[in-house]
Amino acid sequence: MSESNLENLSAAADGQLSAQELRFLMRRLDHDQALREAWDRFHLAGDGLRGQAPAQLASAAFAARVMAAIDQAPLMAVAPRRRHWLHWSAGGAIAAGVAVAALMVSQPAGHRPDTAAPVAATHATGNTTDASVADVGSSPAAAPQWLSGNVASRLTQQAAYGSGSPMASYPQQVSQYQVQPLQPVQFNGAISANDARYMILLSPVVPAVQAVPRQQRAQAQ
Amino acid sequence: MGENEVDQALVERVQAGDRRAFDLLVRKYQHRLVALISRYVRDWSECEDIAQESFVRAWKALPAFRGESAFYTWLYKIAVNTAKNHLVAMGRRPPTDDIAVDDAVHGPGASRLHESATPERELMRQQVEQTVFSTVQALPEELRVAITLREVDGLSYDEIAEKMGCPIGTVRSRIFRAREAIDEKLRPVLDTREDYRS
């Protein structure tokens, strides 16, 4: 344990060594037990000078035991650091994917009679809604035609359809839900009939039940 | 460079695969960590086992350490969790109140520590502090001022050089000579400490 090594050790304790000097000191420490113990005492002396000496000192062989235990414990694999831009673009891609999927699911109109995929047509066994659902499920490899081509512009156009138009022409082949004509809705006058033209009401196909006004029911009872 | 920067430099060396840098971190914080754990666990041999486990956990997790907090703060949390897990595993109830990092070794909460400290260990602590104080008081003024500005006031070498009106190399040399003088007196004191394992 030379004096110059000790002086370097003292400077290292204060963070005053260059990277190269620190690397050299590390190599010295590897072979110099006395130098390692001096490092321990330098810090203990600093604590003592500040009146902060720990009330319990670790035993002399403690550090050696820890390092022996560490030899049996491999370092955890370093996970690559995520870049923020990558994180956000991945999130954006997922969000965009979900949005597109939601649009696809909510656009049964793609199966118009005039554009229906031939494969699906060949499997069609009936004209009922249930049969159509089964047909779609039985041909998973066939990409519907409405998915190909100018899908984005078509979806945009569909979103712009008004209350009087082609909703009625949407076939009920895919969904078990009936597509009802758009109806103007008012919520305390907050939304006008024009605002409501984008609202699509879907309801399951169930036997029509005659609605009985509450007043009539009360009278019947 | 402050304590955090020194630690960060060592942490980066560990993350680059230098095991010896971790040895320096262990040696630097071993006493503080054992003292911290002794405030949760009374049995001394258990304290050292838990401190050892804490260091091993820190070693394993160090590649993921981002330096967002100080290394000792991070190590402190690992040690407290390890101590609490130990108490639960032993069927004992861990304390609900945590010890603040600043009070972990000394400070207002130290009374609980003293409950578990044996008279011999408390005597050792007093001897360490008295030895350091008396040695520093006996140092030549330029050494005493340099080491005090560094260790007590936490000034950098640049700042000390400016205050003392001397080159940085001289500051470095004075601080080292002061440490060397303290170490000469401290070593025999520490050699008398108990070691339950060896």
# chains A, B, ... in the order shown; residues from 1 in each chain; ligands from 1
>>> residues_around(residues="Asp47 in chain A", least_positions_apart="3", cutoff="10 Å", atoms="only C-alpha atoms", output="JSON, numbers by chain")
{"A": [41, 42, 43, 44, 50, 51, 52, 53, 54], "B": [32, 128, 129, 132, 151, 152]}
>>> atom_distance(atom1="CA of Pro140 in chain B", atom2="CA of Ser173 in chain B")
13.3 Å
>>> closest_residue(among="B:Ala181, B:Ala79, B:Leu190, B:Ala16", to="Val56 in chain B", atoms="only C-alpha atoms")
B:Ala79
>>> atom_distance(atom1="CA of Thr131 in chain B", atom2="CA of Ala146 in chain B")
18.2 Å
>>> closest_atom_pairs(of="chain A", to="chain B", cutoff="6 Å", atoms="only C-alpha atoms", output="Markdown table")
| residue | atom | partner | partner_atom | distance |
| --- | --- | --- | --- | --- |
| A:Glu7 | CA | B:Phe176 | CA | 5.6 |
| A:Ser10 | CA | B:Phe176 | CA | 5.7 |
| A:Gly15 | CA | B:Val6 | CA | 4.9 |
| A:Asp40 | CA | B:Arg27 | CA | 5.2 |
| A:Gly46 | CA | B:Glu151 | CA | 5.7 |
| A:Gly48 | CA | B:Glu129 | CA | 4.6 |
| A:Arg50 | CA | B:Val152 | CA | 5.6 |
| A:Pro54 | CA | B:Val105 | CA | 5.8 |
| A:Ala55 | CA | B:Arg125 | CA | 5.3 |
| A:Gln56 | CA | B:Ala35 | CA | 4.9 |
| A:Leu57 | CA | B:His31 | CA | 4.8 |
| A:Ala58 | CA | B:His31 | CA | 5.0 |
| A:Ser59 | CA | B:Asp195 | CA | 4.8 |
| A:Ala63 | CA | B:Arg27 | CA | 6.0 |
| A:Val66 | CA | B:Gln52 | CA | 5.5 |
| A:Ile70 | CA | B:Val56 | CA | 5.8 |
| A:Leu75 | CA | B:Lys60 | CA | 4.6 |
| A:Met76 | CA | B:Lys60 | CA | 4.9 |
| A:Val78 | CA | B:Pro63 | CA | 5.3 |
>>> select_by_dssp(residues="chain B", states="alpha helix (DSSP H)", output="ChimeraX atom specification")
/B:3-15,19-37,44-61,71-89,110-116,119-138,141-151,157-164,168-191
>>> write_last_selection(atoms="C-alpha atoms", output="CSV table (one decimal), in the first residue's frame")
chain,number,residue,atom,x,y,z
B,3,GLU,CA,-21.2,12.0,-2.4
B,4,ASN,CA,-23.9,11.3,-4.9
B,5,GLU,CA,-21.7,11.9,-7.8
B,6,VAL,CA,-19.0,9.6,-6.3
B,7,ASP,CA,-21.5,6.9,-5.8
B,8,GLN,CA,-22.9,7.3,-9.3
B,9,ALA,CA,-19.5,7.0,-10.8
B,10,LEU,CA,-19.0,3.7,-8.9
B,11,VAL,CA,-22.5,2.5,-9.8
B,12,GLU,CA,-21.7,3.1,-13.5
B,13,ARG,CA,-18.5,1.1,-13.1
B,14,VAL,CA,-20.5,-1.8,-11.6
B,15,GLN,CA,-23.1,-1.5,-14.4
B,19,ARG,CA,-17.3,-6.0,-9.5
B,20,ARG,CA,-14.6,-4.2,-7.5
B,21,ALA,CA,-16.6,-0.9,-7.6
B,22,PHE,CA,-19.4,-2.7,-5.8
B,23,ASP,CA,-16.9,-3.7,-3.1
B,24,LEU,CA,-16.2,0.0,-2.5
B,25,LEU,CA,-19.9,0.7,-2.2
B,26,VAL,CA,-20.3,-2.1,0.3
B,27,ARG,CA,-17.4,-0.9,2.3
B,28,LYS,CA,-18.6,2.6,2.2
B,29,TYR,CA,-22.1,1.9,3.4
B,30,GLN,CA,-21.8,-1.4,5.4
B,31,HIS,CA,-21.8,0.3,8.8
B,32,ARG,CA,-24.7,2.6,8.0
B,33,LEU,CA,-26.7,-0.2,6.7
B,34,VAL,CA,-26.1,-2.5,9.6
B,35,ALA,CA,-26.9,0.3,12.0
B,36,LEU,CA,-30.2,1.0,10.1
B,37,ILE,CA,-31.3,-2.6,10.2
B,44,TRP,CA,-27.0,-8.6,16.0
B,45,SER,CA,-26.2,-11.7,14.0
B,46,GLU,CA,-29.6,-11.4,12.2
B,47,CYS,CA,-28.8,-7.7,11.4
B,48,GLU,CA,-25.6,-8.7,9.5
B,49,ASP,CA,-27.5,-11.5,7.7
B,50,ILE,CA,-30.2,-9.0,6.6
B,51,ALA,CA,-27.6,-6.4,5.6
B,52,GLN,CA,-25.8,-9.0,3.5
B,53,GLU,CA,-29.0,-10.0,1.9
B,54,SER,CA,-29.8,-6.4,1.2
B,55,PHE,CA,-26.4,-5.9,-0.5
B,56,VAL,CA,-26.9,-9.0,-2.6
B,57,ARG,CA,-30.4,-7.8,-3.7
B,58,ALA,CA,-28.9,-4.4,-4.6
B,59,TRP,CA,-26.2,-6.1,-6.6
B,60,LYS,CA,-28.8,-8.1,-8.5
B,61,ALA,CA,-30.9,-5.1,-9.2
B,71,PHE,CA,-27.6,5.4,-4.4
B,72,TYR,CA,-27.9,5.3,-0.6
B,73,THR,CA,-31.6,6.3,-0.7
B,74,TRP,CA,-32.2,3.3,-3.0
B,75,LEU,CA,-30.1,1.0,-0.9
B,76,TYR,CA,-31.8,2.2,2.2
B,77,LYS,CA,-35.2,1.2,0.8
B,78,ILE,CA,-34.0,-2.2,-0.2
B,79,ALA,CA,-32.6,-2.7,3.4
B,80,VAL,CA,-35.8,-1.6,5.1
B,81,ASN,CA,-37.9,-3.9,2.9
B,82,THR,CA,-35.6,-6.8,3.5
B,83,ALA,CA,-35.7,-6.1,7.2
B,84,LYS,CA,-39.5,-6.0,7.2
B,85,ASN,CA,-39.8,-9.1,5.1
B,86,HIS,CA,-37.5,-10.9,7.6
B,87,LEU,CA,-39.7,-9.8,10.5
B,88,VAL,CA,-42.8,-11.1,8.7
B,89,ALA,CA,-41.1,-14.4,7.8
B,110,ALA,CA,-31.6,7.2,17.2
B,111,SER,CA,-33.1,6.5,20.6
B,112,ARG,CA,-34.6,3.3,19.2
B,113,LEU,CA,-31.3,2.3,17.9
B,114,HIS,CA,-29.7,2.7,21.3
B,115,GLU,CA,-32.2,0.3,22.8
B,116,SER,CA,-30.7,-2.5,20.7
B,119,PRO,CA,-22.9,-1.1,25.8
B,120,GLU,CA,-19.8,-2.4,24.1
B,121,ARG,CA,-20.9,-1.2,20.7
B,122,GLU,CA,-22.0,2.1,22.0
B,123,LEU,CA,-18.6,2.5,23.6
B,124,MET,CA,-17.0,1.7,20.2
B,125,ARG,CA,-19.0,4.4,18.5
B,126,GLN,CA,-17.9,6.9,21.1
B,127,GLN,CA,-14.3,5.9,20.8
B,128,VAL,CA,-14.5,6.3,17.0
B,129,GLU,CA,-15.8,9.8,17.3
B,130,GLN,CA,-13.5,10.8,20.1
B,131,THR,CA,-10.5,9.5,18.2
B,132,VAL,CA,-11.4,11.4,15.1
B,133,PHE,CA,-12.1,14.6,17.0
B,134,SER,CA,-9.0,14.6,19.1
B,135,THR,CA,-6.8,13.7,16.1
B,136,VAL,CA,-8.2,16.5,14.0
B,137,GLN,CA,-7.7,19.0,16.8
B,138,ALA,CA,-4.1,18.1,17.0
B,141,GLU,CA,-4.1,24.3,11.0
B,142,GLU,CA,-3.9,23.9,7.2
B,143,LEU,CA,-4.7,20.2,7.4
B,144,ARG,CA,-7.4,20.7,10.0
B,145,VAL,CA,-9.1,23.5,7.9
B,146,ALA,CA,-8.8,21.5,4.7
B,147,ILE,CA,-10.3,18.3,6.1
B,148,THR,CA,-13.0,20.2,7.9
B,149,LEU,CA,-14.1,22.1,4.9
B,150,ARG,CA,-14.3,18.9,2.9
B,151,GLU,CA,-15.9,16.5,5.4
B,157,TYR,CA,-11.5,20.8,-3.9
B,158,ASP,CA,-12.0,23.9,-6.1
B,159,GLU,CA,-14.0,25.7,-3.4
B,160,ILE,CA,-11.4,24.8,-0.7
B,161,ALA,CA,-8.6,25.9,-2.9
B,162,GLU,CA,-10.3,29.3,-3.4
B,163,LYS,CA,-11.0,29.6,0.4
B,164,MET,CA,-7.5,28.6,1.4
B,168,ILE,CA,-6.0,22.3,-6.0
B,169,GLY,CA,-3.1,19.9,-5.8
B,170,THR,CA,-2.2,21.3,-2.4
B,171,VAL,CA,-5.7,20.8,-1.2
B,172,ARG,CA,-5.7,17.2,-2.3
B,173,SER,CA,-2.4,16.6,-0.5
B,174,ARG,CA,-3.6,18.3,2.7
B,175,ILE,CA,-6.8,16.4,2.8
B,176,PHE,CA,-4.9,13.1,2.3
B,177,ARG,CA,-2.4,13.9,5.0
B,178,ALA,CA,-5.2,14.7,7.4
B,179,ARG,CA,-6.9,11.4,6.6
B,180,GLU,CA,-3.7,9.5,6.9
B,181,ALA,CA,-3.1,11.0,10.4
B,182,ILE,CA,-6.7,10.1,11.5
B,183,ASP,CA,-6.4,6.7,10.0
B,184,GLU,CA,-3.3,6.0,12.0
B,185,LYS,CA,-5.1,6.6,15.2
B,186,LEU,CA,-8.4,5.0,14.1
B,187,ARG,CA,-7.0,1.7,13.0
B,188,PRO,CA,-6.0,0.4,16.4
B,189,VAL,CA,-9.4,1.3,17.8
B,190,LEU,CA,-11.2,-0.6,15.1
B,191,ASP,CA,-9.0,-3.6,15.4
>>> atom_distance(atom1="CA of Asn8 in chain A", atom2="CA of His31 in chain A")
15.4 Å
